[in-house]
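Participant: Hey, dropping entry.txt in here, compact mmCIF, C-alpha atoms and all ligand atoms:
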# COMPACT_ATOMS: atom_id res chain seq x y z
CA GLY V 148 0.00 0.00 0.00
CA TRP V 149 1.01 3.57 -0.66
CA ASN V 150 0.72 6.48 1.73
CA MET V 151 -2.19 8.54 0.39
CA GLU V 152 -0.80 11.81 1.66
CA ASP V 153 2.31 11.24 -0.49
CA VAL V 154 0.16 10.22 -3.45
CA MET V 155 -1.91 13.38 -3.06
CA GLU V 156 1.10 15.70 -2.88
CA GLU V 157 2.83 13.97 -5.77
CA GLU V 158 -0.30 14.18 -7.95
CA ILE V 159 -0.86 17.85 -7.17
CA LYS V 160 2.73 18.56 -8.17
CA VAL V 161 2.31 16.63 -11.43
CA ILE V 162 -0.92 18.51 -12.24
CA ASN V 163 0.71 21.87 -11.54
CA ASP V 164 3.75 20.97 -13.65
CA THR V 165 1.47 19.86 -16.49
CA VAL V 166 -1.17 22.57 -16.63
CA GLY V 167 0.21 25.99 -17.54
CA PRO V 168 -0.66 28.96 -15.26
CA ASP V 169 -3.30 30.35 -17.63
CA GLU V 170 -4.63 27.07 -18.97
CA HIS V 171 -8.10 25.75 -18.18
CA VAL V 172 -9.32 22.24 -17.46
CA ILE V 173 -12.75 20.64 -17.83
CA CYS V 174 -14.27 17.62 -16.14
CA ALA V 175 -17.52 15.71 -16.45
CA LEU V 176 -18.79 14.58 -13.07
CA SER V 177 -20.95 11.45 -13.04
CA GLY V 178 -21.76 11.47 -9.35
CA GLY V 179 -19.51 8.45 -8.91
CA VAL V 180 -16.49 8.08 -6.65
CA ASP V 181 -13.78 8.16 -9.34
CA SER V 182 -14.70 11.33 -11.21
CA THR V 183 -15.44 13.10 -7.91
CA VAL V 184 -12.08 12.23 -6.34
CA ALA V 185 -10.23 13.08 -9.57
CA ALA V 186 -11.96 16.48 -9.81
CA THR V 187 -11.36 17.25 -6.13
CA LEU V 188 -7.67 16.55 -6.54
CA VAL V 189 -7.38 18.73 -9.65
CA HIS V 190 -9.34 21.47 -7.91
CA LYS V 191 -6.90 21.40 -5.02
CA ALA V 192 -4.07 21.87 -7.53
CA ILE V 193 -5.44 24.55 -9.89
CA GLY V 194 -8.53 26.01 -8.17
CA SER V 195 -11.01 27.91 -10.30
CA ARG V 196 -9.28 27.04 -13.58
CA LEU V 197 -11.14 23.73 -13.25
CA HIS V 198 -14.65 23.73 -14.74
CA CYS V 199 -16.92 20.78 -13.97
CA VAL V 200 -20.22 19.78 -15.51
CA PHE V 201 -22.90 17.44 -14.21
CA VAL V 202 -25.61 16.34 -16.65
CA ASP V 203 -29.13 15.45 -15.55
CA ASN V 204 -30.13 13.07 -18.34
CA GLY V 205 -33.47 12.12 -16.80
CA LEU V 206 -32.10 8.65 -16.03
CA LEU V 207 -30.84 9.41 -12.54
CA ARG V 208 -32.00 7.86 -9.28
CA TYR V 209 -34.39 9.40 -6.77
CA LYS V 210 -33.16 12.91 -5.82
CA GLU V 211 -29.74 12.03 -7.23
CA ARG V 212 -29.20 15.40 -8.85
CA GLU V 213 -29.96 17.33 -5.65
CA ARG V 214 -27.87 14.95 -3.55
CA VAL V 215 -24.72 14.98 -5.64
CA MET V 216 -24.90 18.72 -6.37
CA GLU V 217 -25.06 19.32 -2.63
CA THR V 218 -21.95 17.21 -2.08
CA PHE V 219 -20.10 18.94 -4.94
CA GLU V 220 -21.00 22.43 -3.77
CA LYS V 221 -21.34 22.30 0.02
CA ASP V 222 -18.82 19.60 0.94
CA LEU V 223 -16.25 19.86 -1.83
CA HIS V 224 -16.66 23.45 -3.12
CA LEU V 225 -16.19 22.25 -6.67
CA PRO V 226 -16.96 24.70 -9.48
CA VAL V 227 -19.73 22.75 -11.18
CA VAL V 228 -22.48 23.59 -13.65
CA CYS V 229 -25.57 21.37 -13.66
CA ILE V 230 -27.13 20.95 -17.09
CA ASP V 231 -30.77 19.90 -17.32
CA ALA V 232 -30.88 17.70 -20.42
CA VAL V 233 -33.84 15.56 -19.38
CA ASP V 234 -36.02 16.35 -22.40
CA GLN V 235 -33.12 16.08 -24.81
CA PHE V 236 -32.26 12.53 -23.68
CA LEU V 237 -35.81 11.23 -23.27
CA THR V 238 -36.86 12.54 -26.69
CA LYS V 239 -34.01 10.63 -28.30
CA LEU V 240 -34.85 7.47 -26.34
CA LYS V 241 -38.55 7.44 -27.18
CA GLY V 242 -39.57 4.10 -28.70
CA VAL V 243 -36.07 2.59 -28.37
CA THR V 244 -36.02 -0.89 -26.82
CA ASP V 245 -32.68 -2.42 -27.83
CA PRO V 246 -30.19 -2.19 -24.90
CA GLU V 247 -27.09 -1.44 -26.99
CA THR V 248 -28.95 1.15 -29.05
CA LYS V 249 -29.99 2.86 -25.81
CA ARG V 250 -26.35 2.95 -24.67
CA LYS V 251 -25.20 4.40 -28.01
CA ILE V 252 -27.85 7.12 -27.99
CA ILE V 253 -27.00 8.09 -24.42
CA GLY V 254 -23.26 8.18 -25.17
CA LYS V 255 -23.82 10.36 -28.22
CA GLU V 256 -26.10 12.84 -26.43
CA PHE V 257 -23.64 13.09 -23.62
CA ILE V 258 -20.84 14.03 -26.02
CA CYS V 259 -23.07 16.68 -27.66
CA ILE V 260 -23.75 18.29 -24.31
CA PHE V 261 -20.14 18.11 -23.22
CA ASP V 262 -19.05 19.68 -26.51
CA ALA V 263 -21.50 22.54 -26.05
CA PHE V 264 -20.24 23.06 -22.51
CA ALA V 265 -16.64 23.31 -23.75
CA GLN V 266 -17.65 25.74 -26.53
CA GLU V 267 -19.56 27.96 -24.15
CA LEU V 268 -16.59 28.06 -21.83
CA GLU V 269 -14.36 28.98 -24.74
CA SER V 270 -16.53 31.92 -25.78
CA LYS V 271 -16.72 33.09 -22.18
CA MET V 272 -12.96 32.97 -21.57
CA GLY V 273 -11.81 33.68 -25.13
CA LYS V 274 -9.66 30.60 -24.80
CA LYS V 275 -10.13 26.88 -25.39
CA PRO V 276 -9.90 24.59 -22.38
CA ALA V 277 -6.68 22.61 -22.80
CA TYR V 278 -7.21 19.59 -20.59
CA LEU V 279 -9.86 17.05 -19.69
CA VAL V 280 -9.89 15.25 -16.32
CA GLN V 281 -10.84 11.60 -16.33
CA GLY V 282 -11.26 9.30 -13.34
CA THR V 283 -9.57 6.37 -15.07
CA LEU V 284 -8.27 3.77 -12.60
CA TYR V 285 -5.33 1.41 -12.83
CA PRO V 286 -7.40 -1.68 -13.69
CA ASP V 287 -8.89 0.28 -16.60
CA VAL V 288 -5.56 1.09 -18.20
CA ILE V 289 -3.36 -1.97 -17.76
CA GLU V 290 -3.29 -4.54 -20.50
CA SER V 291 -1.03 -7.35 -19.43
CA CYS V 292 1.76 -5.59 -17.61
CA PRO V 293 1.97 -2.41 -15.53
CA PRO V 294 3.26 0.79 -17.19
CA PRO V 295 7.07 1.02 -16.93
CA GLY V 296 8.20 2.98 -13.92
CA SER V 297 4.77 2.87 -12.30
CA GLY V 298 6.11 0.94 -9.33
CA ARG V 299 3.29 -1.55 -9.84
CA THR V 300 4.14 -5.21 -9.92
CA HIS V 301 0.68 -6.74 -9.55
CA SER V 302 -0.52 -9.04 -12.19
CA HIS V 303 -4.17 -8.19 -12.45
CA THR V 304 -7.03 -9.42 -14.53
CA ILE V 305 -7.87 -7.39 -17.57
CA LYS V 306 -11.09 -5.50 -17.39
CA SER V 307 -12.68 -3.85 -20.34
CA HIS V 308 -14.22 -0.73 -18.94
CA HIS V 309 -17.38 0.96 -20.12
CA ASN V 310 -16.10 4.46 -19.45
CA VAL V 311 -12.89 4.29 -21.45
CA GLY V 312 -12.86 5.73 -24.94
CA GLY V 313 -16.27 7.37 -25.10
CA LEU V 314 -15.20 10.98 -25.47
CA PRO V 315 -15.15 13.40 -28.40
CA LYS V 316 -12.32 12.64 -30.80
CA ASP V 317 -12.11 16.04 -32.46
CA MET V 318 -11.95 18.01 -29.24
CA LYS V 319 -8.15 17.99 -29.07
CA LEU V 320 -8.09 18.02 -25.30
CA LYS V 321 -5.15 16.56 -23.51
CA LEU V 322 -6.02 14.10 -20.73
CA ILE V 323 -5.31 14.39 -17.04
CA GLU V 324 -5.82 11.05 -15.34
CA PRO V 325 -4.64 11.51 -11.76
CA LEU V 326 -5.99 8.13 -10.55
CA LYS V 327 -4.51 5.99 -13.26
CA LEU V 328 -2.07 4.21 -10.96
CA LEU V 329 -4.60 3.52 -8.23
CA PHE V 330 -6.96 0.70 -7.37
CA LYS V 331 -10.49 1.39 -6.19
CA ASP V 332 -9.71 0.98 -2.48
CA GLU V 333 -6.81 3.42 -2.85
CA VAL V 334 -9.08 5.95 -4.56
CA ARG V 335 -11.38 5.72 -1.53
CA GLN V 336 -8.43 6.31 0.83
CA LEU V 337 -7.33 9.27 -1.26
CA GLY V 338 -10.89 10.60 -1.24
CA LYS V 339 -10.88 10.43 2.55
CA PHE V 340 -7.75 12.58 2.59
CA LEU V 341 -9.47 15.09 0.34
CA ASP V 342 -12.46 15.26 2.73
CA VAL V 343 -14.89 13.58 0.38
CA PRO V 344 -17.68 12.42 2.74
CA GLU V 345 -17.31 8.78 3.82
CA ALA V 346 -20.86 7.88 2.78
CA PHE V 347 -20.17 9.23 -0.70
CA LEU V 348 -17.01 7.14 -1.02
CA LYS V 349 -18.94 4.00 -0.13
CA ARG V 350 -21.66 4.44 -2.73
CA HIS V 351 -22.45 1.43 -4.88
CA PRO V 352 -21.37 1.60 -8.54
CA PHE V 353 -23.98 3.02 -10.90
CA PRO V 354 -23.91 2.48 -14.68
CA GLY V 355 -23.30 5.44 -17.00
CA PRO V 356 -26.55 4.84 -18.94
CA GLY V 357 -28.32 4.99 -15.60
CA LEU V 358 -31.89 3.84 -15.21
CA ALA V 359 -32.15 3.34 -18.98
CA VAL V 360 -30.68 -0.14 -18.48
CA ARG V 361 -32.98 -0.78 -15.51
CA VAL V 362 -36.26 0.03 -17.23
CA LEU V 363 -36.51 -2.91 -19.62
CA GLY V 364 -37.70 -1.80 -23.03
CA ASP V 365 -38.81 1.78 -23.82
CA VAL V 366 -37.81 4.00 -20.89
CA THR V 367 -40.32 6.68 -21.85
CA GLU V 368 -43.29 4.30 -21.60
CA GLY V 369 -45.87 5.53 -19.02
CA ASN V 370 -44.30 6.60 -15.73
CA ALA V 371 -41.82 3.73 -15.62
CA LEU V 372 -38.86 5.92 -14.60
CA ASP V 373 -40.78 7.57 -11.83
CA ILE V 374 -42.07 4.25 -10.46
CA LEU V 375 -38.58 2.76 -10.63
CA ARG V 376 -37.07 5.70 -8.74
CA GLN V 377 -39.58 5.28 -5.90
CA VAL V 378 -39.14 1.51 -5.67
CA ASP V 379 -35.36 1.76 -5.81
CA GLU V 380 -35.31 4.39 -3.06
CA ILE V 381 -37.41 2.22 -0.73
CA PHE V 382 -35.17 -0.78 -1.38
CA ILE V 383 -31.89 1.12 -0.87
CA GLN V 384 -33.16 2.95 2.21
CA SER V 385 -34.30 -0.36 3.74
CA ILE V 386 -30.86 -1.84 3.05
CA LYS V 387 -29.21 1.14 4.75
CA ASP V 388 -31.59 0.98 7.71
CA ALA V 389 -30.78 -2.72 8.16
CA GLY V 390 -27.04 -1.90 8.16
CA LEU V 391 -26.44 -4.03 5.06
CA TYR V 392 -25.38 -1.39 2.53
CA ASP V 393 -21.63 -1.81 2.96
CA SER V 394 -21.80 -5.62 2.70
CA ILE V 395 -23.40 -5.41 -0.74
CA TRP V 396 -21.55 -4.59 -3.97
CA GLN V 397 -24.62 -3.30 -5.76
CA ALA V 398 -28.35 -3.24 -5.06
CA PHE V 399 -31.13 -1.79 -7.18
CA ALA V 400 -34.61 -2.30 -8.56
CA VAL V 401 -35.56 -3.15 -12.13
CA PHE V 402 -38.77 -2.08 -13.87
CA LEU V 403 -40.33 -4.86 -15.92
CA PRO V 404 -42.56 -4.01 -18.87
CA VAL V 405 -45.20 -6.52 -17.78
CA ARG V 406 -48.35 -6.25 -15.73
CA SER V 407 -49.79 -8.85 -13.41
CA VAL V 408 -53.15 -9.22 -11.71
CA GLY V 409 -53.42 -8.35 -8.05
CA VAL V 410 -55.91 -7.35 -5.43
CA GLN V 411 -55.55 -4.26 -3.27
CA GLY V 412 -58.33 -3.31 -0.87
CA ASP V 413 -61.34 -4.83 -2.60
CA GLN V 414 -60.10 -3.76 -6.01
CA ARG V 415 -58.70 -6.01 -8.66
CA THR V 416 -55.53 -4.43 -10.05
CA HIS V 417 -53.55 -4.97 -13.22
CA SER V 418 -50.26 -3.31 -12.35
CA HIS V 419 -46.52 -3.44 -12.76
CA VAL V 420 -44.03 -6.02 -11.54
CA VAL V 421 -40.67 -4.87 -10.20
CA ALA V 422 -37.58 -6.96 -9.51
CA LEU V 423 -35.04 -6.48 -6.74
CA ARG V 424 -31.37 -7.22 -7.43
CA ALA V 425 -28.56 -7.30 -4.88
CA VAL V 426 -25.15 -8.88 -5.39
CA THR V 427 -21.78 -9.30 -3.73
CA SER V 428 -18.67 -9.05 -5.89
CA GLN V 429 -14.96 -8.21 -5.86
CA ASP V 430 -14.74 -6.35 -9.16
CA GLY V 431 -18.07 -6.72 -10.97
CA MET V 432 -16.68 -9.38 -13.29
CA THR V 433 -18.38 -12.17 -11.37
CA ALA V 434 -21.05 -11.77 -8.71
CA ASP V 435 -23.19 -13.77 -6.30
CA TRP V 436 -26.76 -12.88 -5.47
CA TYR V 437 -27.16 -11.67 -1.92
CA TYR V 438 -29.06 -13.65 0.75
CA PHE V 439 -31.50 -11.38 2.57
CA GLU V 440 -33.43 -12.63 5.57
CA HIS V 441 -37.03 -13.44 4.68
CA LYS V 442 -38.32 -10.90 7.18
CA PHE V 443 -36.34 -8.16 5.44
CA LEU V 444 -37.70 -9.12 2.02
CA ASP V 445 -41.24 -9.33 3.37
CA ASP V 446 -40.99 -5.81 4.83
CA VAL V 447 -39.54 -4.36 1.64
CA ALA V 448 -42.18 -5.94 -0.59
CA ARG V 449 -44.96 -4.59 1.63
CA LYS V 450 -43.45 -1.11 1.73
CA ILE V 451 -43.14 -1.07 -2.05
CA CYS V 452 -46.70 -2.22 -2.80
CA ASN V 453 -48.15 0.08 -0.16
CA GLY V 454 -46.02 3.05 -1.09
CA VAL V 455 -45.71 3.02 -4.86
CA ARG V 456 -48.79 3.49 -6.98
CA GLY V 457 -48.84 1.20 -10.00
CA VAL V 458 -46.90 -1.70 -8.47
CA ASN V 459 -48.66 -4.83 -7.18
CA ARG V 460 -45.92 -7.45 -7.35
CA VAL V 461 -42.29 -7.66 -6.23
CA VAL V 462 -39.91 -10.44 -7.26
CA GLN V 463 -36.27 -11.06 -6.40
CA ASP V 464 -33.49 -11.92 -8.84
CA ILE V 465 -31.73 -15.05 -7.55
CA THR V 466 -29.15 -15.57 -10.27
CA SER V 467 -25.43 -15.01 -10.02
CA LYS V 468 -22.99 -13.75 -12.66
CA PRO V 469 -22.41 -15.86 -14.68
CA PRO V 470 -24.81 -16.91 -16.13
CA SER V 471 -26.62 -13.59 -15.61
CA THR V 472 -25.05 -10.15 -15.68
CA ILE V 473 -25.47 -7.75 -12.77
CA GLU V 474 -27.67 -5.37 -14.79
CA TRP V 475 -30.67 -6.73 -16.69
CA GLU V 476 -29.80 -4.99 -19.95
P1 LIG G 501 -22.82 -6.28 -15.85
O1 LIG G 501 -24.28 -5.94 -15.99
O2 LIG G 501 -22.10 -6.28 -17.17
O3 LIG G 501 -22.19 -5.09 -15.02
O4 LIG G 501 -22.60 -7.54 -15.07
C1 LIG G 501 -20.90 -5.07 -14.45
C2 LIG G 501 -20.71 -3.71 -13.80
O5 LIG G 501 -20.69 -2.70 -14.79
C3 LIG G 501 -21.78 -1.80 -14.63
N1 LIG G 501 -22.30 -1.49 -15.96
C4 LIG G 501 -22.06 -0.36 -16.64
N2 LIG G 501 -21.35 0.75 -16.29
N3 LIG G 501 -21.87 1.70 -18.38
C5 LIG G 501 -21.27 1.78 -17.17
O6 LIG G 501 -20.66 2.80 -16.87
C6 LIG G 501 -22.59 0.64 -18.80
O7 LIG G 501 -23.12 0.60 -19.92
C7 LIG G 501 -22.68 -0.44 -17.87
N4 LIG G 501 -23.29 -1.66 -17.94
C8 LIG G 501 -23.05 -2.27 -16.74
C9 LIG G 501 -22.77 -2.52 -13.75
O8 LIG G 501 -23.59 -1.60 -13.03
C10 LIG G 501 -21.87 -3.32 -12.87
O9 LIG G 501 -21.31 -2.55 -11.81
Please go through the file and, once you have read it, give me the structure as structure tokens.

Facilitator:
Amino acid sequence: GWNMEDVMEEEIKVINDTVGPDEHVICALSGGVDSTVAATLVHKAIGSRLHCVFVDNGLLRYKERERVMETFEKDLHLPVVCIDAVDQFLTKLKGVTDPETKRKIIGKEFICIFDAFAQELESKMGKKPAYLVQGTLYPDVIESCPPPGSGRTHSHTIKSHHNVGGLPKDMKLKLIEPLKLLFKDEVRQLGKFLDVPEAFLKRHPFPGPGLAVRVLGDVTEGNALDILRQVDEIFIQSIKDAGLYDSIWQAFAVFLPVRSVGVQGDQRTHSHVVALRAVTSQDGMTADWYYFEHKFLDDVARKICNGVRGVNRVVQDITSKPPSTIEWE
């Protein structure tokens, strides 16, 4: 293990040696641990010459935008612009059911918005931003052997990462990747040093395409996204209340595009089915489904059916990876 105080000082020095005194840097914040820690580190080095953007694509979890913006602004004092692109994304996703097509559309829209952000910054400052911060980690960059001189000797399984390579090619921005020699647990330690709140550092991973891969089929159908957000929040809050959050790699709800018959009060209902997914894992490459106590599951199912209009059935996903994947799409 490395001493995170040394890592922090070394990285700040590298950033200051790299970025010229009147050069500007941009960063897209996802709300995840890696981009947040990377941005916080760069901010510590160059201050207000860092410009961050957070995009609300309409596919975020319950109150996610408010929650992460509060952390960025109040806890971390990051200079961040929040762009409301909900309509833009959902219009493009209307009628789309193929999972990979959804991912492509979302990736493309994101680049459009990021491009516009960079252009606007340029016209405001009369100068192009020169650098882009990315929260790339060590497992994302290594192929078969560690970079020469990195001091790393681990042999580590190759992981093809969803976040690598999805940025504008014609933007001519140079990359700053201050976490590229670190593993996830080291990023968390570094984050602690930078006063990123502990609860934030322990957040479960969340996919870039967001709830689009958790609403099966057309995400714009009915109020699927809204129902999913409410169900997911009840599930996650129950997991936190039971003290189980940190023992689980990832937990979430999935909206199924099917209806089933139920009875609520003396009314026959024909409402939605939602699935609960929780897994343990080391790196997301393989995963085991998580064993909840029956009492816990019973409470959650009741809370969901009582609390969320339009849901009358809750099922649990009891498959591991392989043969399933963690996400359903
Ligand atoms: P799967 O579903 O492939 O997921 O078992 C493994 C891990 O990757 C996350 N995931 C994604 N992350 N963009 C991302 O940024 C994606 O398109 C994507 N698909 C899956 C998933 O949440 C899990 O942590």

Participant: So how many Å separate atom CA of Gln266 of chain V and atom CA of Asp234 of chain V, to one decimal?

Facilitator: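 We find that atom CA of Gln266 of chain V and atom CA of Asp234 of chain V lie 21.0 Å from each other.
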
Participant: Which chain V residues have any atom within 9 Å of an atom of ligand LIG 501 (chain G), and for each, what is the nearest pair of atoms with distance in Å to one decimal, counting only C-alpha atoms and all ligand atoms, rows sorted by chain and number, as a Markdown table?

Facilitator:
| residue | atom | partner | partner_atom | distance |
| --- | --- | --- | --- | --- |
| V:Glu247 | CA | G:LIG501 | O7 | 8.4 |
| V:Arg250 | CA | G:LIG501 | O7 | 6.2 |
| V:His308 | CA | G:LIG501 | O6 | 7.6 |
| V:His309 | CA | G:LIG501 | N3 | 4.9 |
| V:Asn310 | CA | G:LIG501 | O6 | 5.5 |
| V:His351 | CA | G:LIG501 | O9 | 8.1 |
| V:Pro352 | CA | G:LIG501 | O9 | 5.3 |
| V:Phe353 | CA | G:LIG501 | O8 | 5.1 |
| V:Pro354 | CA | G:LIG501 | N2 | 3.5 |
| V:Gly355 | CA | G:LIG501 | O6 | 3.7 |
| V:Pro356 | CA | G:LIG501 | O7 | 5.5 |
| V:Gly357 | CA | G:LIG501 | N3 | 7.8 |
| V:Val360 | CA | G:LIG501 | N4 | 7.6 |
| V:Trp396 | CA | G:LIG501 | O9 | 8.1 |
| V:Gln397 | CA | G:LIG501 | O9 | 6.9 |
| V:Asp430 | CA | G:LIG501 | C2 | 8.0 |
| V:Gly431 | CA | G:LIG501 | C1 | 4.8 |
| V:Met432 | CA | G:LIG501 | C1 | 6.1 |
| V:Thr433 | CA | G:LIG501 | O4 | 7.3 |
| V:Ala434 | CA | G:LIG501 | O4 | 7.8 |
| V:Lys468 | CA | G:LIG501 | O4 | 6.7 |
| V:Pro469 | CA | G:LIG501 | O4 | 8.3 |
| V:Ser471 | CA | G:LIG501 | O4 | 7.3 |
| V:Thr472 | CA | G:LIG501 | O4 | 3.6 |
| V:Ile473 | CA | G:LIG501 | O4 | 3.7 |
| V:Glu474 | CA | G:LIG501 | O1 | 3.6 |
| V:Trp475 | CA | G:LIG501 | O1 | 6.5 |
| V:Glu476 | CA | G:LIG501 | O1 | 6.9 |

Participant: Any chance you can output those residues with C-alpha atoms as a tab-separated table (two decimals), keeping the file's coordinate frame?

Facilitator:
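New file out25.tsv:
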chain	number	residue	atom	x	y	z
V	247	GLU	CA	-27.09	-1.44	-26.99
V	250	ARG	CA	-26.35	2.95	-24.67
V	308	HIS	CA	-14.22	-0.73	-18.94
V	309	HIS	CA	-17.38	0.96	-20.12
V	310	ASN	CA	-16.10	4.46	-19.45
V	351	HIS	CA	-22.45	1.43	-4.88
V	352	PRO	CA	-21.37	1.60	-8.54
V	353	PHE	CA	-23.98	3.02	-10.90
V	354	PRO	CA	-23.91	2.48	-14.68
V	355	GLY	CA	-23.30	5.44	-17.00
V	356	PRO	CA	-26.55	4.84	-18.94
V	357	GLY	CA	-28.32	4.99	-15.60
V	360	VAL	CA	-30.68	-0.14	-18.48
V	396	TRP	CA	-21.55	-4.59	-3.97
V	397	GLN	CA	-24.62	-3.30	-5.76
V	430	ASP	CA	-14.74	-6.35	-9.16
V	431	GLY	CA	-18.07	-6.72	-10.97
V	432	MET	CA	-16.68	-9.38	-13.29
V	433	THR	CA	-18.38	-12.17	-11.37
V	434	ALA	CA	-21.05	-11.77	-8.71
V	468	LYS	CA	-22.99	-13.75	-12.66
V	469	PRO	CA	-22.41	-15.86	-14.68
V	471	SER	CA	-26.62	-13.59	-15.61
V	472	THR	CA	-25.05	-10.15	-15.68
V	473	ILE	CA	-25.47	-7.75	-12.77
V	474	GLU	CA	-27.67	-5.37	-14.79
V	475	TRP	CA	-30.67	-6.73	-16.69
V	476	GLU	CA	-29.80	-4.99	-19.95

Participant: To one decimal place, how far is atom CA of Ala265 of chain V from atom CA of Pro226 of chain V in Å?

Facilitator: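 Answer for the atom CA of Ala265 of chain V to atom CA of Pro226 of chain V separation: 14.3 Å.
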
Participant: Restricting the calculation to all atoms listed in the file: of V:Arg376, V:His417, V:Asp365, V:Asp342, which residue gets closest to Lys210 of chain V?

Facilitator: V:Arg376

Participant: Which distance in Å separates atom CA of Pro168 of chain V and atom CA of Glu217 of chain V, to one decimal?

Facilitator: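 Between atom CA of Pro168 of chain V and atom CA of Glu217 of chain V the gap works out to 29.1 Å.
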
Participant: Between V:Phe330, V:Phe236, V:Phe264, V:Phe340, which residue has the minimum interatomic distance to Met151 of chain V, considering all atoms listed in the file?

Facilitator: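 Closest to Met151 of chain V of all the choices is V:Phe340.
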
Participant: Which neighbours of Arg196 of chain V fall inside 10 Å, counting all atoms listed in the file, when residues of the same chain fewer than 5 positions from it are skipped, and could you give them as an MDAnalysis selection string?

Facilitator: chainID V and resid 166 168:173 189:190 226 276

Participant: How would the residues just picked look written out with C-alpha atoms as a short mmCIF file (atom, residue, chain, number, x, y, z; two decimals), in the coordinates of the input?

Facilitator:
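In the end it all went to part36.cif:
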data_model
loop_
_atom_site.label_atom_id
_atom_site.label_comp_id
_atom_site.auth_asym_id
_atom_site.auth_seq_id
_atom_site.Cartn_x
_atom_site.Cartn_y
_atom_site.Cartn_z
CA VAL V 166 -1.17 22.57 -16.63
CA PRO V 168 -0.66 28.96 -15.26
CA ASP V 169 -3.30 30.35 -17.63
CA GLU V 170 -4.63 27.07 -18.97
CA HIS V 171 -8.10 25.75 -18.18
CA VAL V 172 -9.32 22.24 -17.46
CA ILE V 173 -12.75 20.64 -17.83
CA VAL V 189 -7.38 18.73 -9.65
CA HIS V 190 -9.34 21.47 -7.91
CA PRO V 226 -16.96 24.70 -9.48
CA PRO V 276 -9.90 24.59 -22.38
#

Participant: Which residue gives the smallest distance to Ala185 of chain V among V:Leu223, V:Leu268, V:Leu326, V:Val161, with all atoms listed in the file counted?

Facilitator: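 Once distances to Ala185 of chain V are computed over all atoms listed in the file, the minimum belongs to V:Leu326.
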
Participant: Do you know which residues are at most 12 Å from Leu358 of chain V counting all atoms listed in the file, after dropping those on the same chain fewer than 2 positions away, and could you put them as a VMD selection string?

Facilitator: chain V and resid 203 to 209 211 237 246 249 to 250 253 353 to 356 360 to 367 371 to 376 379 399 to 402 474 to 476

Participant: From the list V:Ala398, V:Val408, V:Leu444, V:Leu176, which residue is nearest Gly282 of chain V when using only C-alpha atoms?

Facilitator: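 Checking each candidate against Gly282 of chain V, we get V:Leu176 as the closest.
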
Participant: Can you work out which one of V:Ser428, V:Ser418, V:Ser385, V:Gln463 has the shortest atom-to-atom distance to Pro404 of chain V, counting all atoms listed in the file?

Facilitator: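 Answer, going by the shortest atom-to-atom distance: V:Ser418.
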
Participant: Could you work out an axis-aligned bounding box for all listed atoms of segment 204-209 of chain V, with 6 Å added on each of the six sides, and give its centre and edge lengths in Å to one decimal, as JSON?

Facilitator:
{"center_x": -32.3, "center_y": 10.5, "center_z": -12.6, "size_x": 16.3, "size_y": 17.2, "size_z": 23.6}

Participant: Leaving out Val447 of chain V and any residue of its chain fewer than 5 positions from it, which residues lie within 10 Å of it when counting only C-alpha atoms, given as JSON, numbers by chain?

Facilitator: {"V": [378, 381, 382, 383, 384, 385, 386, 423, 441, 442, 452, 453, 461]}

Participant: Counting only C-alpha atoms, note down every residue that has an atom within 12 Å of the point (-56.0, -4.3, -2.4) (file coordinates), as number ranges by chain.

Facilitator: V: 408-418, 449, 452-453, 456-460

Participant: Which one of V:Asp435, V:Asp153, V:Asp287, V:Glu256 sits closest to Pro470 of chain V if you count all atoms listed in the file?

Facilitator: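 When distances to Pro470 of chain V are compared using all atoms listed in the file, the smallest one comes from V:Asp435.
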
Participant: Compile the contact shell of Val227 of chain V as a PyMOL selection string: residues with an atom at most 8 Å away, counting only C-alpha atoms, same-chain residues fewer than 2 positions apart removed.

Facilitator: chain V and resi 198-201+219-220+225+229
